[in-house]
Amino acid sequence: MRLPVLLAALVAVATCTETFVGHQVLRVIPQNDEELQKVQELQELEHLQLDFWLAPRGLGLPVDIRVPFPSLQAVKAHLEAAGVSYSIMIEDVQALLDEEQREMLRSSRQLPLNTDTFNYEAYHTIDEIYNFMDLLVAENPNLVSKLEIGRSTENRPLYVLKFSTGGTNRPAVWIDTGIHSREWVTQASGVWFAKKIVEDHANNEGVASILETMDILLEIVTNPDGFAYTQTTNRMWRKTRSRHSGNLCVGVDPNRNWDAGFGEAGASSSSCSETYHGPYANSEPEVKSIVDFVKSHGNIKAFVSIHSYSQLLLYPYGYTYTAVPDQQELHEVSAKAVAALSSLYGTQYKYGSIITTIYRASGGTIDWTYNQGIKYSFTFELRDTGRYGFLLPAKQIVPTAEETWLALKVIIEHTRDNLY
Amino acid sequence: ELPPSQFPASRASAVALGYLCYLRGGPGRGLQLRELRRARRQDIDDVGHKYYLELELEDVLDKARTVSCTAEVLYHLGSKTSAPDVQVTVQGELRSTEEADQEFYNWIRSLEKELVAENIPDSHGNVPPELEPIHLLAWVASGYLIWQNSTENTKFHLAQVKHVKQVKRSDEDLQFDYVVLLHEMVSQEVLPWQVTLLWHPQRGARVSQ
């Protein structure tokens, strides 16, 4: 039908100033000359502001009329008084236009054909990010591979991108983003990091030299169920989407579910809490899959888990005031990393151990990885400091990723130069 | 003396800032913390903990300039129902917003239908430019909530304006009924709060009980 075309034209008008709230489209099919005349009379009544989508052409042929809300009563009375029957084709033109506009926006999100046309300055859906990963692998088969390390509660695949120029089980750096699903700038930065690694390698600069002796492992959507939920239902969802028997509420805080001070002060035992630690350590497949991967890999030398917001660089511990043995070195590396980050746009970061800098938190990721022997374990809290918080404007994605990358390079280079 | 990078001082700063936003914020002025320069804590027997802070602030609409201020935040001992006492002294002048305030006031008063809006910013961080003053007034209202509800174990930020409805009044004040989402950093909860804000270009803002 011509309807979509007509609607598209109205959308163009509607996005200016006119509104079509309450307008209806009526259809009349004149059966005889009297009825046809009655309908033609309507065309003369300019004050009614009628818009004939299908003008009167002859008997038995439909006449479609868009009637502005103020004229509805008059038009219907005119037709009814003459015994002319009509049907209401569109009950509310504006409602239909709104739906059409939404649909247009949805379908205009066509999948990019390559990672050069991908829009890094926007937030993306899981499908778009997973598609990006496949494109990146396809474009760089000798550098990038995609590993499925497990499945989420809702059976979404958990993918890790492995950047490697060869060797067998080289020492590796792990980076994860999106473990807390509402922290959207982190998944978006992860996508940017992936592309950056590939670009550096192609141009033989930046981390290209790192890749000669080390691998980089990047999990971009670490909590896909939560991420999907932030897009469909609740933008502020943080946890996983698991349901454990006997629990009133859904979800476990994946950054309280690790086996380091599990269940101690700094996490909640209530399932309805945002910091619920879960029924037992590694109860969450999103966490267990990383634990299994790290243990079986056996050669990860740096582990960076990325969150937002607050502009902080943190090292262990969160579950105890006891300082880690490597405190001094981690503090110095943090200072250097933060200085590198600030050098780009002047963004100010603070740094220190989790428990002294933000709060006591038990069962956290980097406490576990540190205790596994991964000395260079860090957590970032990216932009900003509260003005937008979790709702960071998309135009800040690339600047955030760029400055964070400088800090990551400091950590990665230090790791390479101090292998243990 | 407290390290500025550690959380006790940073939580007290958030309270001071909330209080200041309530007192001095408006549709044309949003204050945020550029840097916490110095912090001291004094434990007062039978009274509570008092923080002395030296802050550097910036106006989000005029980031080239900063303004220094000192603040004192007293958390009352064991008190769950009493708001912290806050005193703030701003050194120097804040940028004048007289013209922008009057323009905003006239615009709202000229609306035939009461203004209604939702989700500011939206999921992608967007705020339509004409709604930025409404967003900044939400900061004022949130500043009050943050000041009134903070303890040494909390740190609040405005996460989002879920809903705002203007209510026309017979007097000269503008009235906005807000539902704001406040993010509490320690518990990580994001919870809705209802708050009604009255504002007048010369008289400033107050939360209506």
# chains A, B, ... in the order shown; residues from 1 in each chain; ligands from 1

$ interface_residues --of "chain B" --to "chain A" --cutoff "6 Å" --atoms "only C-alpha atoms" --output "list of chain:residue names"
B:Ser5, B:Gln6, B:Phe7, B:Ser123, B:His124, B:Gly125, B:Asn126, B:His157, B:Gln188, B:Glu189

$ write_last_selection --atoms "C-alpha atoms" --output "PDB file, in the first residue's frame"
ATOM      1  CA  SER B   5      42.398  10.510  47.209  1.00  0.00           C
ATOM      2  CA  GLN B   6      40.766   8.437  49.926  1.00  0.00           C
ATOM      3  CA  PHE B   7      37.075   8.058  50.421  1.00  0.00           C
ATOM      4  CA  SER B 123      20.203   6.199  27.853  1.00  0.00           C
ATOM      5  CA  HIS B 124      22.886   7.571  25.563  1.00  0.00           C
ATOM      6  CA  GLY B 125      23.643  10.608  27.724  1.00  0.00           C
ATOM      7  CA  ASN B 126      21.760  13.083  25.529  1.00  0.00           C
ATOM      8  CA  HIS B 157      25.081  11.399  42.846  1.00  0.00           C
ATOM      9  CA  GLN B 188      25.490   0.806  44.490  1.00  0.00           C
ATOM     10  CA  GLU B 189      21.749   1.244  44.713  1.00  0.00           C
TER      11      GLU B 189
END

$ select_by_dssp --residues "region 70-154 of chain A" --states "strand (DSSP E)" --output "VMD selection string"
chain A and resid 86 to 90 144 to 151

$ residues_around --residues "Leu57 (chain B)" --least-positions-apart "3" --cutoff "8 Å" --atoms "only C-alpha atoms" --output "ChimeraX atom specification"
/B:31-35,66-69

$ atom_distance --atom1 "CA of Thr153 (chain A)" --atom2 "CA of Asp225 (chain A)"
7.4 Å

$ residues_around --residues "Gln166 (chain B)" --least-positions-apart "6" --cutoff "7 Å" --atoms "only C-alpha atoms" --output "CSV table (one decimal) with all heavy atoms, in the first residue's frame"
chain,number,residue,atom,x,y,z
B,114,GLU,N,1.6,22.8,30.8
B,114,GLU,CA,2.7,22.6,31.7
B,114,GLU,C,3.7,21.6,31.2
B,114,GLU,O,3.4,20.6,30.6
B,114,GLU,CB,2.1,22.0,33.0
B,114,GLU,CG,1.3,23.1,33.8
B,114,GLU,CD,0.5,22.5,34.9
B,114,GLU,OE1,0.0,21.3,34.8
B,114,GLU,OE2,0.3,23.2,35.9
B,115,LEU,N,5.0,22.0,31.4
B,115,LEU,CA,6.1,21.2,30.8
B,115,LEU,C,6.2,19.8,31.5
B,115,LEU,O,6.0,19.7,32.7
B,115,LEU,CB,7.4,21.9,31.0
B,115,LEU,CG,8.7,21.3,30.5
B,115,LEU,CD1,9.6,22.4,29.9
B,115,LEU,CD2,9.4,20.5,31.6
B,116,VAL,N,6.3,18.8,30.7
B,116,VAL,CA,6.5,17.4,31.2
B,116,VAL,C,7.7,16.8,30.4
B,116,VAL,O,7.8,17.0,29.2
B,116,VAL,CB,5.3,16.6,31.0
B,116,VAL,CG1,5.6,15.1,31.4
B,116,VAL,CG2,4.1,17.1,31.8
B,175,GLN,N,7.2,25.9,39.9
B,175,GLN,CA,7.2,24.7,40.6
B,175,GLN,C,7.4,23.5,39.7
B,175,GLN,O,6.8,23.4,38.7
B,175,GLN,CB,5.9,24.5,41.4
B,175,GLN,CG,5.8,23.1,42.1
B,175,GLN,CD,4.5,22.9,42.8
B,175,GLN,OE1,3.8,23.9,43.2
B,175,GLN,NE2,4.1,21.6,43.0
B,176,PHE,N,8.4,22.6,40.1
B,176,PHE,CA,8.7,21.4,39.3
B,176,PHE,C,8.6,20.2,40.3
B,176,PHE,O,9.3,20.2,41.3
B,176,PHE,CB,10.1,21.5,38.7
B,176,PHE,CG,10.2,22.6,37.6
B,176,PHE,CD1,10.7,23.8,38.0
B,176,PHE,CD2,9.7,22.4,36.4
B,176,PHE,CE1,10.8,24.8,37.0
B,176,PHE,CE2,9.8,23.4,35.4
B,176,PHE,CZ,10.4,24.6,35.8
B,177,ASP,N,7.8,19.3,39.9
B,177,ASP,CA,7.7,18.0,40.7
B,177,ASP,C,8.6,17.0,40.0
B,177,ASP,O,8.4,16.6,38.9
B,177,ASP,CB,6.3,17.5,40.7
B,177,ASP,CG,5.4,18.4,41.6
B,177,ASP,OD1,5.9,19.3,42.2
B,177,ASP,OD2,4.2,18.1,41.6

$ residues_around --residues "Tyr376 (chain A)" --least-positions-apart "6" --cutoff "10 Å" --atoms "only C-alpha atoms" --output "list in words"
Val173, Ile300, Lys301, Ala302, Phe303, Val304, Tyr315, Pro316, Asp326, Glu329, Leu330, Val333, Ile366, Thr369, Tyr370, Ile411, Ile412, His414 and Thr415 of chain A

$ write_last_selection --atoms "N, CA, C and O atoms" --output "PDB file, in the first residue's frame"
ATOM      1  N   VAL A 173      48.187 -10.554  28.604  1.00  0.00           N
ATOM      2  CA  VAL A 173      47.509  -9.494  29.359  1.00  0.00           C
ATOM      3  C   VAL A 173      46.015  -9.664  29.136  1.00  0.00           C
ATOM      4  O   VAL A 173      45.575  -9.838  27.996  1.00  0.00           O
ATOM      5  N   ILE A 300      48.835 -15.843  32.400  1.00  0.00           N
ATOM      6  CA  ILE A 300      48.393 -14.446  32.348  1.00  0.00           C
ATOM      7  C   ILE A 300      49.205 -13.667  33.380  1.00  0.00           C
ATOM      8  O   ILE A 300      49.294 -14.051  34.549  1.00  0.00           O
ATOM      9  N   LYS A 301      49.799 -12.563  32.938  1.00  0.00           N
ATOM     10  CA  LYS A 301      50.718 -11.816  33.794  1.00  0.00           C
ATOM     11  C   LYS A 301      50.178 -10.464  34.238  1.00  0.00           C
ATOM     12  O   LYS A 301      50.722  -9.824  35.137  1.00  0.00           O
ATOM     13  N   ALA A 302      49.108 -10.001  33.565  1.00  0.00           N
ATOM     14  CA  ALA A 302      48.463  -8.748  33.973  1.00  0.00           C
ATOM     15  C   ALA A 302      46.972  -8.914  33.739  1.00  0.00           C
ATOM     16  O   ALA A 302      46.560  -9.549  32.753  1.00  0.00           O
ATOM     17  N   PHE A 303      46.184  -8.354  34.656  1.00  0.00           N
ATOM     18  CA  PHE A 303      44.732  -8.532  34.572  1.00  0.00           C
ATOM     19  C   PHE A 303      44.078  -7.191  34.882  1.00  0.00           C
ATOM     20  O   PHE A 303      44.278  -6.641  35.960  1.00  0.00           O
ATOM     21  N   VAL A 304      43.333  -6.650  33.920  1.00  0.00           N
ATOM     22  CA  VAL A 304      42.711  -5.340  34.109  1.00  0.00           C
ATOM     23  C   VAL A 304      41.208  -5.460  33.898  1.00  0.00           C
ATOM     24  O   VAL A 304      40.757  -5.888  32.833  1.00  0.00           O
ATOM     25  N   TYR A 315      44.163  -0.824  42.747  1.00  0.00           N
ATOM     26  CA  TYR A 315      44.810  -2.136  42.846  1.00  0.00           C
ATOM     27  C   TYR A 315      44.313  -2.813  44.117  1.00  0.00           C
ATOM     28  O   TYR A 315      43.667  -2.180  44.955  1.00  0.00           O
ATOM     29  N   PRO A 316      44.610  -4.125  44.287  1.00  0.00           N
ATOM     30  CA  PRO A 316      44.060  -4.859  45.452  1.00  0.00           C
ATOM     31  C   PRO A 316      44.636  -4.313  46.765  1.00  0.00           C
ATOM     32  O   PRO A 316      45.685  -3.685  46.769  1.00  0.00           O
ATOM     33  N   ASP A 326      53.086  -6.360  46.968  1.00  0.00           N
ATOM     34  CA  ASP A 326      53.627  -5.538  45.873  1.00  0.00           C
ATOM     35  C   ASP A 326      53.062  -4.119  45.871  1.00  0.00           C
ATOM     36  O   ASP A 326      53.112  -3.436  44.846  1.00  0.00           O
ATOM     37  N   GLU A 329      55.145  -1.180  44.322  1.00  0.00           N
ATOM     38  CA  GLU A 329      55.322  -1.227  42.877  1.00  0.00           C
ATOM     39  C   GLU A 329      54.007  -0.886  42.164  1.00  0.00           C
ATOM     40  O   GLU A 329      53.982  -0.104  41.219  1.00  0.00           O
ATOM     41  N   LEU A 330      52.899  -1.470  42.653  1.00  0.00           N
ATOM     42  CA  LEU A 330      51.608  -1.207  42.024  1.00  0.00           C
ATOM     43  C   LEU A 330      51.243   0.268  42.130  1.00  0.00           C
ATOM     44  O   LEU A 330      50.657   0.857  41.222  1.00  0.00           O
ATOM     45  N   VAL A 333      53.360   2.135  39.518  1.00  0.00           N
ATOM     46  CA  VAL A 333      52.826   1.901  38.155  1.00  0.00           C
ATOM     47  C   VAL A 333      51.548   2.704  37.963  1.00  0.00           C
ATOM     48  O   VAL A 333      51.320   3.317  36.918  1.00  0.00           O
ATOM     49  N   ILE A 366      39.823  -8.500  41.027  1.00  0.00           N
ATOM     50  CA  ILE A 366      41.284  -8.396  41.023  1.00  0.00           C
ATOM     51  C   ILE A 366      41.900  -8.859  42.342  1.00  0.00           C
ATOM     52  O   ILE A 366      43.097  -9.144  42.398  1.00  0.00           O
ATOM     53  N   THR A 369      42.390 -12.466  41.288  1.00  0.00           N
ATOM     54  CA  THR A 369      43.465 -12.655  40.307  1.00  0.00           C
ATOM     55  C   THR A 369      44.822 -12.397  40.954  1.00  0.00           C
ATOM     56  O   THR A 369      45.793 -13.112  40.686  1.00  0.00           O
ATOM     57  N   TYR A 370      44.892 -11.404  41.835  1.00  0.00           N
ATOM     58  CA  TYR A 370      46.158 -11.142  42.522  1.00  0.00           C
ATOM     59  C   TYR A 370      46.561 -12.353  43.355  1.00  0.00           C
ATOM     60  O   TYR A 370      47.724 -12.786  43.326  1.00  0.00           O
ATOM     61  N   ILE A 411      50.719   0.007  31.786  1.00  0.00           N
ATOM     62  CA  ILE A 411      50.625  -1.232  32.551  1.00  0.00           C
ATOM     63  C   ILE A 411      51.162  -2.409  31.731  1.00  0.00           C
ATOM     64  O   ILE A 411      51.937  -3.241  32.232  1.00  0.00           O
ATOM     65  N   ILE A 412      50.773  -2.485  30.461  1.00  0.00           N
ATOM     66  CA  ILE A 412      51.215  -3.591  29.605  1.00  0.00           C
ATOM     67  C   ILE A 412      52.726  -3.560  29.409  1.00  0.00           C
ATOM     68  O   ILE A 412      53.409  -4.593  29.513  1.00  0.00           O
ATOM     69  N   HIS A 414      54.980  -2.149  31.325  1.00  0.00           N
ATOM     70  CA  HIS A 414      55.639  -2.477  32.588  1.00  0.00           C
ATOM     71  C   HIS A 414      55.641  -3.978  32.822  1.00  0.00           C
ATOM     72  O   HIS A 414      56.636  -4.561  33.291  1.00  0.00           O
ATOM     73  N   THR A 415      54.531  -4.608  32.487  1.00  0.00           N
ATOM     74  CA  THR A 415      54.435  -6.062  32.632  1.00  0.00           C
ATOM     75  C   THR A 415      55.464  -6.762  31.759  1.00  0.00           C
ATOM     76  O   THR A 415      56.201  -7.657  32.209  1.00  0.00           O
TER      77      THR A 415
END

$ decode --residues "region 341-359 of chain A" --atoms "N, CA, C and O atoms" --output "short mmCIF file (atom, residue, chain, number, x, y, z; two decimals), in the first residue's frame"
data_model
loop_
_atom_site.label_atom_id
_atom_site.label_comp_id
_atom_site.auth_asym_id
_atom_site.auth_seq_id
_atom_site.Cartn_x
_atom_site.Cartn_y
_atom_site.Cartn_z
N LEU A 341 47.47 8.94 31.26
CA LEU A 341 46.06 9.17 30.94
C LEU A 341 45.76 10.67 30.89
O LEU A 341 45.14 11.15 29.95
N SER A 342 46.21 11.37 31.93
CA SER A 342 45.92 12.82 32.03
C SER A 342 46.56 13.61 30.92
O SER A 342 46.07 14.69 30.57
N SER A 343 47.65 13.10 30.39
CA SER A 343 48.41 13.89 29.42
C SER A 343 47.61 14.21 28.16
O SER A 343 47.89 15.16 27.46
N LEU A 344 46.59 13.40 27.88
CA LEU A 344 45.88 13.58 26.62
C LEU A 344 44.84 14.71 26.68
O LEU A 344 44.87 15.63 25.87
N TYR A 345 43.91 14.64 27.65
CA TYR A 345 42.85 15.65 27.72
C TYR A 345 42.76 16.31 29.08
O TYR A 345 41.80 17.04 29.36
N GLY A 346 43.73 16.03 29.97
CA GLY A 346 43.71 16.66 31.28
C GLY A 346 42.75 16.01 32.26
O GLY A 346 42.48 16.55 33.33
N THR A 347 42.24 14.85 31.93
CA THR A 347 41.29 14.17 32.82
C THR A 347 42.01 13.73 34.10
O THR A 347 43.04 13.07 34.06
N GLN A 348 41.43 14.12 35.24
CA GLN A 348 42.08 13.84 36.53
C GLN A 348 41.63 12.51 37.11
O GLN A 348 40.43 12.25 37.22
N TYR A 349 42.58 11.67 37.47
CA TYR A 349 42.29 10.40 38.12
C TYR A 349 42.92 10.36 39.49
O TYR A 349 43.95 11.00 39.73
N LYS A 350 42.29 9.62 40.42
CA LYS A 350 42.97 9.31 41.69
C LYS A 350 43.30 7.83 41.66
O LYS A 350 42.74 7.07 40.86
N TYR A 351 44.23 7.41 42.52
CA TYR A 351 44.60 5.99 42.52
C TYR A 351 44.96 5.52 43.92
O TYR A 351 45.29 6.32 44.80
N GLY A 352 44.90 4.22 44.09
CA GLY A 352 45.21 3.64 45.40
C GLY A 352 44.59 2.25 45.50
O GLY A 352 44.07 1.72 44.51
N SER A 353 44.64 1.67 46.68
CA SER A 353 44.02 0.35 46.84
C SER A 353 42.51 0.55 46.91
O SER A 353 42.02 1.63 47.25
N ILE A 354 41.77 -0.50 46.57
CA ILE A 354 40.31 -0.42 46.56
C ILE A 354 39.79 0.01 47.91
O ILE A 354 38.99 0.94 48.03
N ILE A 355 40.25 -0.64 48.96
CA ILE A 355 39.64 -0.45 50.28
C ILE A 355 39.91 0.93 50.85
O ILE A 355 39.09 1.45 51.60
N THR A 356 41.03 1.55 50.48
CA THR A 356 41.27 2.89 51.00
C THR A 356 40.69 3.96 50.08
O THR A 356 40.35 5.05 50.53
N THR A 357 40.55 3.65 48.82
CA THR A 357 40.15 4.69 47.86
C THR A 357 38.65 4.79 47.66
O THR A 357 38.11 5.90 47.57
N ILE A 358 37.93 3.65 47.52
CA ILE A 358 36.48 3.80 47.40
C ILE A 358 35.69 3.19 48.55
O ILE A 358 34.82 3.85 49.10
N TYR A 359 35.89 1.92 48.82
CA TYR A 359 35.11 1.28 49.89
C TYR A 359 35.59 -0.15 50.06
O TYR A 359 36.32 -0.69 49.24
#
